[in-house]
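Read the structure below first, then the notes.
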Amino acid sequence: MVLIAGPCVIESPSGTLKIAEAIKKITAKLKVPFVFKASFDKANRTSISSFRGPGLYEGLKVLSQIKTKLDVPILSDVHDVDQAQMAGEILDIIQVPAFLCRQTDLLVAAAKTGKTVNVKKGQFMAPWDVKGIVHKMEEAGNRRLLLTERGVSFGYNNLISDFRALPVMRASGYPVVFDATHSVQKPGGLGSSSGGESQYIPLLARCAVAAGVDAVFLETHPNPAKALSDGPNSLPLKNLEALLKELIAIDRIRDKNA
């Protein structure tokens with residue numbers, strides 16, 4: 001089981017580094033493979049006045065420093081074709097956000113960097129529809145693909161997780177990631193920002209690991225109430241170690257009975 005984790009967005013260079021250091025300390029102790037995640041730009045915020053991050057150039061500098069100092073793989077998301085090549089020079093994994101997962105030009109640009117690409121399945125897509133994503137990536141010459149489940153729209157301002165989606169997506173032949181934090185998001189639920197039900201993060205993460213997911217994606221923050229993005233659906237950093245211990249135990253039981 002691999003952990004992809006970090007804050008939703010780069011809030012400051014020093015603060016982001018501290019979070020990365022804290023997660024690496026925990027994952028090294030528990031022997032969990034770790035990929036650090038933080039966005040340099042959140043282009044799909046609910047409000048035009050919402051904090052978006054430092055942007056491409058400054059954000060990649062921060063991520064490059066963390067990668068070098070901590071010797072950890074780095075993941076961040078791109079939102080347009082022009083960002084892909086530059087991001088690919090720094091990132092180990094390029095992420096295509098859920099809202100953009102059908103954008104052919106963006107998928108092709110990410111694929112042509114040669115880096116691993118993590119594509120989040122859109123909240124509007126059935127799990128079997130990821131075959132279109134897979135075909136586009138393969139046609140672009142890149143089979144280094146991860147597919148992430150992050151819940152599906154269910155009525156207004158609500159997402160649900162259907163764990164039948166995980167084996168369906170896995171049947172594509174590529175590793176499947178479960179995003180336990182965006183799956184509890186309430187998109188636009190607070191009017192000018194998204195809400196969330198973070199109390200259900202551990203439950204969904206445990207279910208996903210029991211179902212045999214390849215990696216768990218968690219956004220975590222030292223103080224979610226003061227996070228500049230996605231605080232309501234972030235895991236408090238102080239709770240990360242205890243949750244990982246539970247997930248490791250479940251993963252071992254599943255492997256033993258597989």
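Ordered as shown in the structure tokens, chains take letters A, B, and onward, while each chain numbers its residues from 1 and ligands are numbered from 1 in the order shown.
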
Write out as a JSON list (two decimals) with all heavy atoms, in the first residue's frame which residues come within 12 Å of Val216 in chain A when counting only C-alpha atoms, dropping same-chain ones fewer than 5 positions away.
[["chain", "number", "residue", "atom", "x", "y", "z"],
["A", 1, "MET", "N", 0.84, -1.20, 0.00],
["A", 1, "MET", "CA", 0.00, 0.00, 0.00],
["A", 1, "MET", "C", 0.87, 1.24, 0.00],
["A", 1, "MET", "O", 1.77, 1.39, 0.81],
["A", 1, "MET", "CB", -0.89, 0.01, 1.25],
["A", 1, "MET", "CG", -1.86, 1.16, 1.29],
["A", 1, "MET", "SD", -2.65, 1.31, 2.91],
["A", 1, "MET", "CE", -1.27, 1.91, 3.91],
["A", 2, "VAL", "N", 0.59, 2.12, -0.94],
["A", 2, "VAL", "CA", 1.33, 3.36, -1.08],
["A", 2, "VAL", "C", 0.47, 4.50, -0.55],
["A", 2, "VAL", "O", -0.75, 4.49, -0.71],
["A", 2, "VAL", "CB", 1.70, 3.62, -2.56],
["A", 2, "VAL", "CG1", 2.37, 4.96, -2.73],
["A", 2, "VAL", "CG2", 2.58, 2.49, -3.09],
["A", 3, "LEU", "N", 1.10, 5.48, 0.07],
["A", 3, "LEU", "CA", 0.39, 6.68, 0.53],
["A", 3, "LEU", "C", 0.78, 7.87, -0.33],
["A", 3, "LEU", "O", 1.95, 8.17, -0.49],
["A", 3, "LEU", "CB", 0.74, 6.98, 1.99],
["A", 3, "LEU", "CG", 0.11, 8.28, 2.54],
["A", 3, "LEU", "CD1", -1.40, 8.13, 2.69],
["A", 3, "LEU", "CD2", 0.75, 8.68, 3.86],
["A", 4, "ILE", "N", -0.23, 8.53, -0.88],
["A", 4, "ILE", "CA", -0.05, 9.82, -1.55],
["A", 4, "ILE", "C", -0.68, 10.85, -0.63],
["A", 4, "ILE", "O", -1.88, 10.80, -0.36],
["A", 4, "ILE", "CB", -0.74, 9.85, -2.93],
["A", 4, "ILE", "CG1", -0.17, 8.76, -3.84],
["A", 4, "ILE", "CG2", -0.59, 11.22, -3.57],
["A", 4, "ILE", "CD1", -0.93, 8.58, -5.14],
["A", 5, "ALA", "N", 0.11, 11.78, -0.10],
["A", 5, "ALA", "CA", -0.43, 12.67, 0.93],
["A", 5, "ALA", "C", 0.29, 14.00, 0.95],
["A", 5, "ALA", "O", 1.45, 14.12, 0.55],
["A", 5, "ALA", "CB", -0.34, 12.01, 2.31],
["A", 6, "GLY", "N", -0.44, 15.01, 1.45],
["A", 6, "GLY", "CA", 0.10, 16.35, 1.61],
["A", 6, "GLY", "C", -1.05, 17.33, 1.72],
["A", 6, "GLY", "O", -2.22, 16.95, 1.70],
["A", 32, "VAL", "N", 5.93, 2.73, 5.11],
["A", 32, "VAL", "CA", 4.90, 2.91, 4.08],
["A", 32, "VAL", "C", 5.49, 3.74, 2.94],
["A", 32, "VAL", "O", 5.97, 4.86, 3.19],
["A", 32, "VAL", "CB", 3.65, 3.63, 4.65],
["A", 32, "VAL", "CG1", 2.66, 3.96, 3.55],
["A", 32, "VAL", "CG2", 2.99, 2.78, 5.73],
["A", 33, "PRO", "N", 5.49, 3.25, 1.71],
["A", 33, "PRO", "CA", 5.96, 4.05, 0.58],
["A", 33, "PRO", "C", 5.14, 5.34, 0.47],
["A", 33, "PRO", "O", 3.91, 5.32, 0.57],
["A", 33, "PRO", "CB", 5.72, 3.15, -0.63],
["A", 33, "PRO", "CG", 5.68, 1.76, -0.07],
["A", 33, "PRO", "CD", 5.07, 1.89, 1.29],
["A", 34, "PHE", "N", 5.83, 6.47, 0.26],
["A", 34, "PHE", "CA", 5.19, 7.78, 0.38],
["A", 34, "PHE", "C", 5.49, 8.65, -0.83],
["A", 34, "PHE", "O", 6.64, 8.80, -1.23],
["A", 34, "PHE", "CB", 5.69, 8.45, 1.67],
["A", 34, "PHE", "CG", 5.43, 9.92, 1.79],
["A", 34, "PHE", "CD1", 4.17, 10.46, 1.54],
["A", 34, "PHE", "CD2", 6.45, 10.79, 2.18],
["A", 34, "PHE", "CE1", 3.94, 11.84, 1.65],
["A", 34, "PHE", "CE2", 6.23, 12.15, 2.32],
["A", 34, "PHE", "CZ", 4.97, 12.68, 2.03],
["A", 35, "VAL", "N", 4.43, 9.24, -1.39],
["A", 35, "VAL", "CA", 4.53, 10.25, -2.44],
["A", 35, "VAL", "C", 3.94, 11.54, -1.88],
["A", 35, "VAL", "O", 2.80, 11.55, -1.40],
["A", 35, "VAL", "CB", 3.76, 9.83, -3.71],
["A", 35, "VAL", "CG1", 3.81, 10.94, -4.76],
["A", 35, "VAL", "CG2", 4.31, 8.52, -4.28],
["A", 36, "PHE", "N", 4.71, 12.63, -1.95],
["A", 36, "PHE", "CA", 4.21, 13.89, -1.42],
["A", 36, "PHE", "C", 3.38, 14.62, -2.47],
["A", 36, "PHE", "O", 3.77, 14.74, -3.62],
["A", 36, "PHE", "CB", 5.36, 14.80, -0.97],
["A", 36, "PHE", "CG", 4.88, 16.12, -0.42],
["A", 36, "PHE", "CD1", 4.27, 16.18, 0.82],
["A", 36, "PHE", "CD2", 5.04, 17.29, -1.15],
["A", 36, "PHE", "CE1", 3.81, 17.40, 1.33],
["A", 36, "PHE", "CE2", 4.60, 18.50, -0.65],
["A", 36, "PHE", "CZ", 3.97, 18.56, 0.59],
["A", 37, "LYS", "N", 2.22, 15.14, -2.04],
["A", 37, "LYS", "CA", 1.30, 15.84, -2.93],
["A", 37, "LYS", "C", 1.01, 17.24, -2.43],
["A", 37, "LYS", "O", 0.69, 17.43, -1.24],
["A", 37, "LYS", "CB", -0.01, 15.05, -3.04],
["A", 37, "LYS", "CG", -1.07, 15.71, -3.92],
["A", 37, "LYS", "CD", -1.99, 16.64, -3.17],
["A", 37, "LYS", "CE", -2.84, 17.45, -4.17],
["A", 37, "LYS", "NZ", -3.59, 18.53, -3.50],
["A", 146, "LEU", "N", -1.94, 5.87, -13.44],
["A", 146, "LEU", "CA", -2.69, 5.57, -12.22],
["A", 146, "LEU", "C", -4.10, 6.13, -12.41],
["A", 146, "LEU", "O", -4.28, 7.19, -13.00],
["A", 146, "LEU", "CB", -2.05, 6.24, -10.99],
["A", 146, "LEU", "CG", -0.59, 5.95, -10.70],
["A", 146, "LEU", "CD1", -0.11, 6.83, -9.54],
["A", 146, "LEU", "CD2", -0.38, 4.48, -10.38],
["A", 147, "LEU", "N", -5.09, 5.42, -11.87],
["A", 147, "LEU", "CA", -6.47, 5.86, -11.95],
["A", 147, "LEU", "C", -7.00, 6.06, -10.53],
["A", 147, "LEU", "O", -6.88, 5.17, -9.70],
["A", 147, "LEU", "CB", -7.34, 4.82, -12.68],
["A", 147, "LEU", "CG", -6.97, 4.58, -14.14],
["A", 147, "LEU", "CD1", -7.69, 3.33, -14.66],
["A", 147, "LEU", "CD2", -7.33, 5.79, -15.00],
["A", 148, "THR", "N", -7.57, 7.23, -10.28],
["A", 148, "THR", "CA", -8.01, 7.55, -8.92],
["A", 148, "THR", "C", -9.53, 7.69, -8.85],
["A", 148, "THR", "O", -10.14, 8.41, -9.63],
["A", 148, "THR", "CB", -7.37, 8.86, -8.43],
["A", 148, "THR", "OG1", -5.96, 8.65, -8.29],
["A", 148, "THR", "CG2", -7.93, 9.28, -7.07],
["A", 149, "GLU", "N", -10.10, 6.99, -7.88],
["A", 149, "GLU", "CA", -11.52, 7.11, -7.56],
["A", 149, "GLU", "C", -11.68, 8.14, -6.45],
["A", 149, "GLU", "O", -10.98, 8.08, -5.43],
["A", 149, "GLU", "CB", -12.06, 5.76, -7.10],
["A", 149, "GLU", "CG", -13.43, 5.79, -6.45],
["A", 149, "GLU", "CD", -14.53, 6.32, -7.37],
["A", 149, "GLU", "OE1", -14.39, 6.22, -8.61],
["A", 149, "GLU", "OE2", -15.54, 6.81, -6.83],
["A", 150, "ARG", "N", -12.58, 9.11, -6.65],
["A", 150, "ARG", "CA", -12.76, 10.17, -5.65],
["A", 150, "ARG", "C", -14.24, 10.49, -5.41],
["A", 150, "ARG", "O", -14.61, 11.60, -5.06],
["A", 150, "ARG", "CB", -12.01, 11.43, -6.05],
["A", 150, "ARG", "CG", -12.18, 11.89, -7.45],
["A", 150, "ARG", "CD", -12.94, 13.17, -7.71],
["A", 150, "ARG", "NE", -13.60, 13.79, -6.64],
["A", 150, "ARG", "CZ", -13.37, 15.03, -6.20],
["A", 150, "ARG", "NH1", -12.46, 15.78, -6.77],
["A", 150, "ARG", "NH2", -14.07, 15.55, -5.23],
["A", 175, "PRO", "N", -2.96, 0.39, -11.91],
["A", 175, "PRO", "CA", -3.18, 0.54, -10.46],
["A", 175, "PRO", "C", -4.28, 1.56, -10.18],
["A", 175, "PRO", "O", -4.45, 2.55, -10.90],
["A", 175, "PRO", "CB", -1.83, 1.03, -9.94],
["A", 175, "PRO", "CG", -0.84, 0.61, -10.97],
["A", 175, "PRO", "CD", -1.56, 0.69, -12.28],
["A", 176, "VAL", "N", -5.01, 1.31, -9.08],
["A", 176, "VAL", "CA", -6.11, 2.18, -8.68],
["A", 176, "VAL", "C", -5.80, 2.82, -7.34],
["A", 176, "VAL", "O", -5.36, 2.15, -6.40],
["A", 176, "VAL", "CB", -7.43, 1.40, -8.62],
["A", 176, "VAL", "CG1", -8.55, 2.26, -8.06],
["A", 176, "VAL", "CG2", -7.82, 0.91, -10.01],
["A", 177, "VAL", "N", -6.04, 4.11, -7.28],
["A", 177, "VAL", "CA", -5.83, 4.92, -6.07],
["A", 177, "VAL", "C", -7.21, 5.30, -5.53],
["A", 177, "VAL", "O", -8.12, 5.58, -6.31],
["A", 177, "VAL", "CB", -5.04, 6.19, -6.39],
["A", 177, "VAL", "CG1", -4.79, 7.02, -5.13],
["A", 177, "VAL", "CG2", -3.72, 5.85, -7.09],
["A", 178, "PHE", "N", -7.36, 5.32, -4.22],
["A", 178, "PHE", "CA", -8.60, 5.81, -3.63],
["A", 178, "PHE", "C", -8.32, 7.11, -2.89],
["A", 178, "PHE", "O", -7.49, 7.16, -1.99],
["A", 178, "PHE", "CB", -9.23, 4.81, -2.66],
["A", 178, "PHE", "CG", -10.53, 5.30, -2.08],
["A", 178, "PHE", "CD1", -11.68, 5.34, -2.85],
["A", 178, "PHE", "CD2", -10.60, 5.75, -0.77],
["A", 178, "PHE", "CE1", -12.88, 5.82, -2.34],
["A", 178, "PHE", "CE2", -11.79, 6.23, -0.25],
["A", 178, "PHE", "CZ", -12.93, 6.27, -1.03],
["A", 179, "ASP", "N", -9.03, 8.15, -3.28],
["A", 179, "ASP", "CA", -8.90, 9.46, -2.65],
["A", 179, "ASP", "C", -9.94, 9.55, -1.53],
["A", 179, "ASP", "O", -11.12, 9.81, -1.78],
["A", 179, "ASP", "CB", -9.13, 10.55, -3.69],
["A", 179, "ASP", "CG", -8.96, 11.96, -3.13],
["A", 179, "ASP", "OD1", -8.97, 12.12, -1.90],
["A", 179, "ASP", "OD2", -8.84, 12.90, -3.94],
["A", 180, "ALA", "N", -9.48, 9.34, -0.30],
["A", 180, "ALA", "CA", -10.40, 9.27, 0.84],
["A", 180, "ALA", "C", -10.82, 10.64, 1.34],
["A", 180, "ALA", "O", -11.79, 10.74, 2.10],
["A", 180, "ALA", "CB", -9.75, 8.49, 1.99],
["A", 181, "THR", "N", -10.12, 11.69, 0.91],
["A", 181, "THR", "CA", -10.47, 13.02, 1.42],
["A", 181, "THR", "C", -11.41, 13.77, 0.47],
["A", 181, "THR", "O", -12.41, 14.34, 0.91],
["A", 181, "THR", "CB", -9.20, 13.85, 1.70],
["A", 181, "THR", "OG1", -8.27, 13.71, 0.62],
["A", 181, "THR", "CG2", -8.54, 13.36, 2.97],
["A", 182, "HIS", "N", -11.14, 13.75, -0.83],
["A", 182, "HIS", "CA", -12.09, 14.40, -1.75],
["A", 182, "HIS", "C", -13.40, 13.63, -1.83],
["A", 182, "HIS", "O", -14.42, 14.19, -2.23],
["A", 182, "HIS", "CB", -11.47, 14.56, -3.13],
["A", 182, "HIS", "CG", -10.45, 15.65, -3.19],
["A", 182, "HIS", "ND1", -9.11, 15.41, -3.12],
["A", 182, "HIS", "CD2", -10.59, 17.00, -3.27],
["A", 182, "HIS", "CE1", -8.45, 16.55, -3.17],
["A", 182, "HIS", "NE2", -9.32, 17.54, -3.25],
["A", 183, "SER", "N", -13.39, 12.37, -1.44],
["A", 183, "SER", "CA", -14.62, 11.59, -1.47],
["A", 183, "SER", "C", -15.62, 12.04, -0.40],
["A", 183, "SER", "O", -16.80, 11.71, -0.48],
["A", 183, "SER", "CB", -14.31, 10.10, -1.28],
["A", 183, "SER", "OG", -13.65, 9.59, -2.42],
["A", 201, "ILE", "N", -13.45, 10.20, 6.74],
["A", 201, "ILE", "CA", -12.22, 9.84, 6.02],
["A", 201, "ILE", "C", -11.67, 8.48, 6.46],
["A", 201, "ILE", "O", -11.39, 7.62, 5.61],
["A", 201, "ILE", "CB", -11.15, 10.94, 6.18],
["A", 201, "ILE", "CG1", -11.58, 12.22, 5.49],
["A", 201, "ILE", "CG2", -9.79, 10.47, 5.63],
["A", 201, "ILE", "CD1", -10.71, 13.43, 5.80],
["A", 202, "PRO", "N", -11.50, 8.23, 7.76],
["A", 202, "PRO", "CA", -10.96, 6.92, 8.17],
["A", 202, "PRO", "C", -11.81, 5.75, 7.71],
["A", 202, "PRO", "O", -11.29, 4.72, 7.28],
["A", 202, "PRO", "CB", -10.92, 7.03, 9.70],
["A", 202, "PRO", "CG", -10.82, 8.50, 9.97],
["A", 202, "PRO", "CD", -11.67, 9.14, 8.91],
["A", 204, "LEU", "N", -13.84, 5.50, 5.04],
["A", 204, "LEU", "CA", -13.70, 5.24, 3.60],
["A", 204, "LEU", "C", -12.32, 4.69, 3.27],
["A", 204, "LEU", "O", -12.19, 3.81, 2.41],
["A", 204, "LEU", "CB", -13.97, 6.52, 2.82],
["A", 204, "LEU", "CG", -15.39, 7.08, 2.91],
["A", 204, "LEU", "CD1", -15.53, 8.28, 1.98],
["A", 204, "LEU", "CD2", -16.43, 6.04, 2.58],
["A", 205, "ALA", "N", -11.28, 5.19, 3.95],
["A", 205, "ALA", "CA", -9.93, 4.68, 3.70],
["A", 205, "ALA", "C", -9.83, 3.21, 4.08],
["A", 205, "ALA", "O", -9.23, 2.41, 3.35],
["A", 205, "ALA", "CB", -8.91, 5.51, 4.48],
["A", 206, "ARG", "N", -10.41, 2.84, 5.22],
["A", 206, "ARG", "CA", -10.39, 1.43, 5.64],
["A", 206, "ARG", "C", -11.12, 0.55, 4.63],
["A", 206, "ARG", "O", -10.65, -0.55, 4.29],
["A", 206, "ARG", "CB", -11.01, 1.29, 7.03],
["A", 206, "ARG", "CG", -10.18, 1.91, 8.15],
["A", 206, "ARG", "CD", -10.67, 1.47, 9.53],
["A", 206, "ARG", "NE", -12.03, 1.89, 9.80],
["A", 206, "ARG", "CZ", -12.36, 3.00, 10.49],
["A", 206, "ARG", "NH1", -11.39, 3.80, 10.94],
["A", 206, "ARG", "NH2", -13.62, 3.30, 10.72],
["A", 207, "CYS", "N", -12.26, 1.01, 4.16],
["A", 207, "CYS", "CA", -13.04, 0.24, 3.18],
["A", 207, "CYS", "C", -12.23, 0.04, 1.89],
["A", 207, "CYS", "O", -12.22, -1.06, 1.32],
["A", 207, "CYS", "CB", -14.35, 0.95, 2.86],
["A", 207, "CYS", "SG", -15.57, 0.96, 4.19],
["A", 208, "ALA", "N", -11.56, 1.09, 1.44],
["A", 208, "ALA", "CA", -10.80, 1.01, 0.20],
["A", 208, "ALA", "C", -9.64, 0.03, 0.31],
["A", 208, "ALA", "O", -9.39, -0.76, -0.61],
["A", 208, "ALA", "CB", -10.29, 2.40, -0.19],
["A", 209, "VAL", "N", -8.92, 0.07, 1.43],
["A", 209, "VAL", "CA", -7.81, -0.85, 1.62],
["A", 209, "VAL", "C", -8.31, -2.28, 1.72],
["A", 209, "VAL", "O", -7.72, -3.21, 1.14],
["A", 209, "VAL", "CB", -6.98, -0.45, 2.87],
["A", 209, "VAL", "CG1", -5.92, -1.51, 3.17],
["A", 209, "VAL", "CG2", -6.32, 0.90, 2.64],
["A", 210, "ALA", "N", -9.41, -2.48, 2.41],
["A", 210, "ALA", "CA", -10.00, -3.82, 2.49],
["A", 210, "ALA", "C", -10.40, -4.33, 1.12],
["A", 210, "ALA", "O", -10.34, -5.54, 0.85],
["A", 210, "ALA", "CB", -11.21, -3.80, 3.43],
["A", 211, "ALA", "N", -10.80, -3.41, 0.24],
["A", 211, "ALA", "CA", -11.21, -3.79, -1.11],
["A", 211, "ALA", "C", -10.03, -4.04, -2.04],
["A", 211, "ALA", "O", -10.21, -4.48, -3.17],
["A", 211, "ALA", "CB", -12.11, -2.70, -1.70],
["A", 243, "LEU", "N", -4.25, 6.41, 11.75],
["A", 243, "LEU", "CA", -5.01, 5.88, 10.61],
["A", 243, "LEU", "C", -4.13, 4.95, 9.78],
["A", 243, "LEU", "O", -4.57, 3.87, 9.37],
["A", 243, "LEU", "CB", -5.54, 7.03, 9.75],
["A", 243, "LEU", "CG", -6.26, 6.61, 8.46],
["A", 243, "LEU", "CD1", -7.43, 5.68, 8.76],
["A", 243, "LEU", "CD2", -6.72, 7.83, 7.68],
["A", 244, "LEU", "N", -2.89, 5.34, 9.54],
["A", 244, "LEU", "CA", -2.00, 4.49, 8.76],
["A", 244, "LEU", "C", -1.78, 3.13, 9.43],
["A", 244, "LEU", "O", -1.71, 2.10, 8.75],
["A", 244, "LEU", "CB", -0.66, 5.18, 8.54],
["A", 244, "LEU", "CG", -0.61, 6.24, 7.44],
["A", 244, "LEU", "CD1", 0.80, 6.82, 7.34],
["A", 244, "LEU", "CD2", -1.05, 5.68, 6.10],
["A", 247, "LEU", "N", -4.71, 1.07, 8.54],
["A", 247, "LEU", "CA", -4.70, 0.67, 7.14],
["A", 247, "LEU", "C", -3.67, -0.43, 6.88],
["A", 247, "LEU", "O", -3.91, -1.35, 6.10],
["A", 247, "LEU", "CB", -4.43, 1.88, 6.24],
["A", 247, "LEU", "CG", -5.44, 3.04, 6.33],
["A", 247, "LEU", "CD1", -5.08, 4.13, 5.33],
["A", 247, "LEU", "CD2", -6.86, 2.56, 6.14],
["A", 248, "ILE", "N", -2.51, -0.33, 7.53],
["A", 248, "ILE", "CA", -1.48, -1.37, 7.38],
["A", 248, "ILE", "C", -2.00, -2.70, 7.88],
["A", 248, "ILE", "O", -1.82, -3.75, 7.24],
["A", 248, "ILE", "CB", -0.21, -0.96, 8.16],
["A", 248, "ILE", "CG1", 0.46, 0.23, 7.48],
["A", 248, "ILE", "CG2", 0.76, -2.13, 8.25],
["A", 248, "ILE", "CD1", 1.53, 0.88, 8.33],
["A", 251, "ASP", "N", -4.49, -4.09, 5.41],
["A", 251, "ASP", "CA", -3.80, -4.51, 4.20],
["A", 251, "ASP", "C", -3.12, -5.86, 4.41],
["A", 251, "ASP", "O", -3.15, -6.73, 3.52],
["A", 251, "ASP", "CB", -2.77, -3.45, 3.81],
["A", 251, "ASP", "CG", -2.24, -3.64, 2.40],
["A", 251, "ASP", "OD1", -3.06, -3.87, 1.49],
["A", 251, "ASP", "OD2", -1.02, -3.55, 2.21]]

Pick out the residues sitting within 12 Å of Lys69 in chain A, and hand them over as a PDB file with all heavy atoms, in the first residue's frame; count only C-alpha atoms, and ignore anything fewer than 5 positions along from it in its own chain.
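Output contents, as saved in result01.pdb:
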ATOM      1  N   LEU A  17       6.969  22.507   3.551  1.00  0.00           N
ATOM      2  CA  LEU A  17       8.103  21.650   3.896  1.00  0.00           C
ATOM      3  C   LEU A  17       7.881  20.967   5.240  1.00  0.00           C
ATOM      4  O   LEU A  17       8.160  19.769   5.396  1.00  0.00           O
ATOM      5  CB  LEU A  17       9.393  22.471   3.920  1.00  0.00           C
ATOM      6  CG  LEU A  17      10.652  21.728   4.386  1.00  0.00           C
ATOM      7  CD1 LEU A  17      10.958  20.540   3.495  1.00  0.00           C
ATOM      8  CD2 LEU A  17      11.845  22.692   4.444  1.00  0.00           C
ATOM      9  N   LYS A  18       7.377  21.693   6.219  1.00  0.00           N
ATOM     10  CA  LYS A  18       7.130  21.103   7.544  1.00  0.00           C
ATOM     11  C   LYS A  18       6.121  19.963   7.464  1.00  0.00           C
ATOM     12  O   LYS A  18       6.276  18.934   8.128  1.00  0.00           O
ATOM     13  CB  LYS A  18       6.646  22.179   8.511  1.00  0.00           C
ATOM     14  CG  LYS A  18       7.733  23.136   8.969  1.00  0.00           C
ATOM     15  CD  LYS A  18       7.181  24.182   9.924  1.00  0.00           C
ATOM     16  CE  LYS A  18       8.260  25.169  10.358  1.00  0.00           C
ATOM     17  NZ  LYS A  18       7.724  26.224  11.250  1.00  0.00           N
ATOM     18  N   ALA A  20       5.531  18.099   4.797  1.00  0.00           N
ATOM     19  CA  ALA A  20       6.216  17.001   4.114  1.00  0.00           C
ATOM     20  C   ALA A  20       7.148  16.256   5.066  1.00  0.00           C
ATOM     21  O   ALA A  20       7.213  15.018   5.065  1.00  0.00           O
ATOM     22  CB  ALA A  20       6.988  17.536   2.912  1.00  0.00           C
ATOM     23  N   GLU A  21       7.886  16.997   5.880  1.00  0.00           N
ATOM     24  CA  GLU A  21       8.797  16.372   6.840  1.00  0.00           C
ATOM     25  C   GLU A  21       8.038  15.518   7.846  1.00  0.00           C
ATOM     26  O   GLU A  21       8.465  14.401   8.190  1.00  0.00           O
ATOM     27  CB  GLU A  21       9.592  17.451   7.574  1.00  0.00           C
ATOM     28  CG  GLU A  21      10.643  18.137   6.707  1.00  0.00           C
ATOM     29  CD  GLU A  21      11.310  19.301   7.407  1.00  0.00           C
ATOM     30  OE1 GLU A  21      10.671  19.939   8.284  1.00  0.00           O
ATOM     31  OE2 GLU A  21      12.483  19.592   7.085  1.00  0.00           O
ATOM     32  N   LYS A  24       6.805  12.336   6.117  1.00  0.00           N
ATOM     33  CA  LYS A  24       7.906  11.407   5.844  1.00  0.00           C
ATOM     34  C   LYS A  24       8.367  10.714   7.130  1.00  0.00           C
ATOM     35  O   LYS A  24       8.684   9.514   7.120  1.00  0.00           O
ATOM     36  CB  LYS A  24       9.085  12.126   5.192  1.00  0.00           C
ATOM     37  CG  LYS A  24      10.230  11.129   4.968  1.00  0.00           C
ATOM     38  CD  LYS A  24      11.298  11.601   4.043  1.00  0.00           C
ATOM     39  CE  LYS A  24      12.312  10.461   3.843  1.00  0.00           C
ATOM     40  NZ  LYS A  24      13.447  10.863   2.988  1.00  0.00           N
ATOM     41  N   VAL A  62       9.180  25.271  -4.952  1.00  0.00           N
ATOM     42  CA  VAL A  62       8.933  24.714  -3.617  1.00  0.00           C
ATOM     43  C   VAL A  62       8.951  23.184  -3.672  1.00  0.00           C
ATOM     44  O   VAL A  62       9.594  22.522  -2.838  1.00  0.00           O
ATOM     45  CB  VAL A  62       7.579  25.212  -3.066  1.00  0.00           C
ATOM     46  CG1 VAL A  62       7.230  24.498  -1.754  1.00  0.00           C
ATOM     47  CG2 VAL A  62       7.604  26.716  -2.853  1.00  0.00           C
ATOM     48  N   LEU A  63       8.268  22.628  -4.656  1.00  0.00           N
ATOM     49  CA  LEU A  63       8.198  21.172  -4.768  1.00  0.00           C
ATOM     50  C   LEU A  63       9.566  20.572  -5.082  1.00  0.00           C
ATOM     51  O   LEU A  63       9.925  19.507  -4.554  1.00  0.00           O
ATOM     52  CB  LEU A  63       7.187  20.783  -5.839  1.00  0.00           C
ATOM     53  CG  LEU A  63       5.728  21.134  -5.514  1.00  0.00           C
ATOM     54  CD1 LEU A  63       4.831  20.891  -6.721  1.00  0.00           C
ATOM     55  CD2 LEU A  63       5.225  20.327  -4.314  1.00  0.00           C
ATOM     56  N   SER A  64      10.344  21.248  -5.911  1.00  0.00           N
ATOM     57  CA  SER A  64      11.685  20.758  -6.236  1.00  0.00           C
ATOM     58  C   SER A  64      12.574  20.732  -4.994  1.00  0.00           C
ATOM     59  O   SER A  64      13.344  19.783  -4.777  1.00  0.00           O
ATOM     60  CB  SER A  64      12.310  21.651  -7.309  1.00  0.00           C
ATOM     61  OG  SER A  64      13.609  21.217  -7.623  1.00  0.00           O
ATOM     62  N   ILE A  74       7.339  13.395  -5.922  1.00  0.00           N
ATOM     63  CA  ILE A  74       6.442  14.539  -5.823  1.00  0.00           C
ATOM     64  C   ILE A  74       5.313  14.419  -6.844  1.00  0.00           C
ATOM     65  O   ILE A  74       5.539  14.060  -8.000  1.00  0.00           O
ATOM     66  CB  ILE A  74       7.217  15.853  -6.091  1.00  0.00           C
ATOM     67  CG1 ILE A  74       8.337  16.052  -5.054  1.00  0.00           C
ATOM     68  CG2 ILE A  74       6.284  17.050  -6.097  1.00  0.00           C
ATOM     69  CD1 ILE A  74       7.850  16.299  -3.662  1.00  0.00           C
TER      70      ILE A  74
END

Checklist entry - What are the DSSP alpha helix (DSSP H) residues of range 16-250 of chain A, as a VMD selection string? => result chain A and resid 16 to 30 56 to 70 81 to 88 104 to 112 130 to 139 165 to 170 201 to 210 240 to 250

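Of the listed residues A:Asp129, A:Ala165, A:Gly122, A:Leu107, the one whose atoms come nearest to Gly141 in chain A is A:Leu107, with distances taken using only C-alpha atoms.
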
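For the set A:Asp80, A:Asp41, A:Glu241, A:Asp71, the residue with the smallest atom-to-atom gap to Asp92 in chain A is A:Asp71, counting only C-alpha atoms.
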
Checklist entry - With distances taken over only C-alpha atoms, which of A:Val72, A:Leu100, A:Leu56, A:Leu240 is nearest to Gly88 in chain A? => result A:Leu56

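Excluding Glu89 in chain A and any residue on its chain fewer than 3 positions from it, the residues at most 12 Å away by only C-alpha atoms are Tyr57, Leu60, Lys61, Leu63, Ser64, Ile74, Leu75, Gln83, Ala84, Gln85, Met86, Asp92, Ile93, Ile94, Ala110, Lys112, Thr113, Gly114 and Lys115 of chain A.
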
Next on the checklist: So that I can see what lies close to Gly188 in chain A, please list as number ranges by chain the residues with an atom at most 12 Å from it, counting only C-alpha atoms and leaving out residues fewer than 4 positions away in the same chain.
Outcome noted: A: 44-47, 156-159, 192-196, 230, 232

Checklist entry - For His79 in chain A, which residue among A:Leu106, A:Ile48, A:Leu91, A:Val134 is the nearest when counting only C-alpha atoms? => result A:Leu106

Checklist outcome for this item: The residue from A:Tyr174, A:Phe217, A:Tyr200, A:Phe51 with the smallest atom-to-atom distance to Thr116 in chain A, counting only C-alpha atoms, is A:Tyr174

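If you look at CA of Ile23 in chain A and CA of Glu219 in chain A, they are 11.0 Å away from each other.
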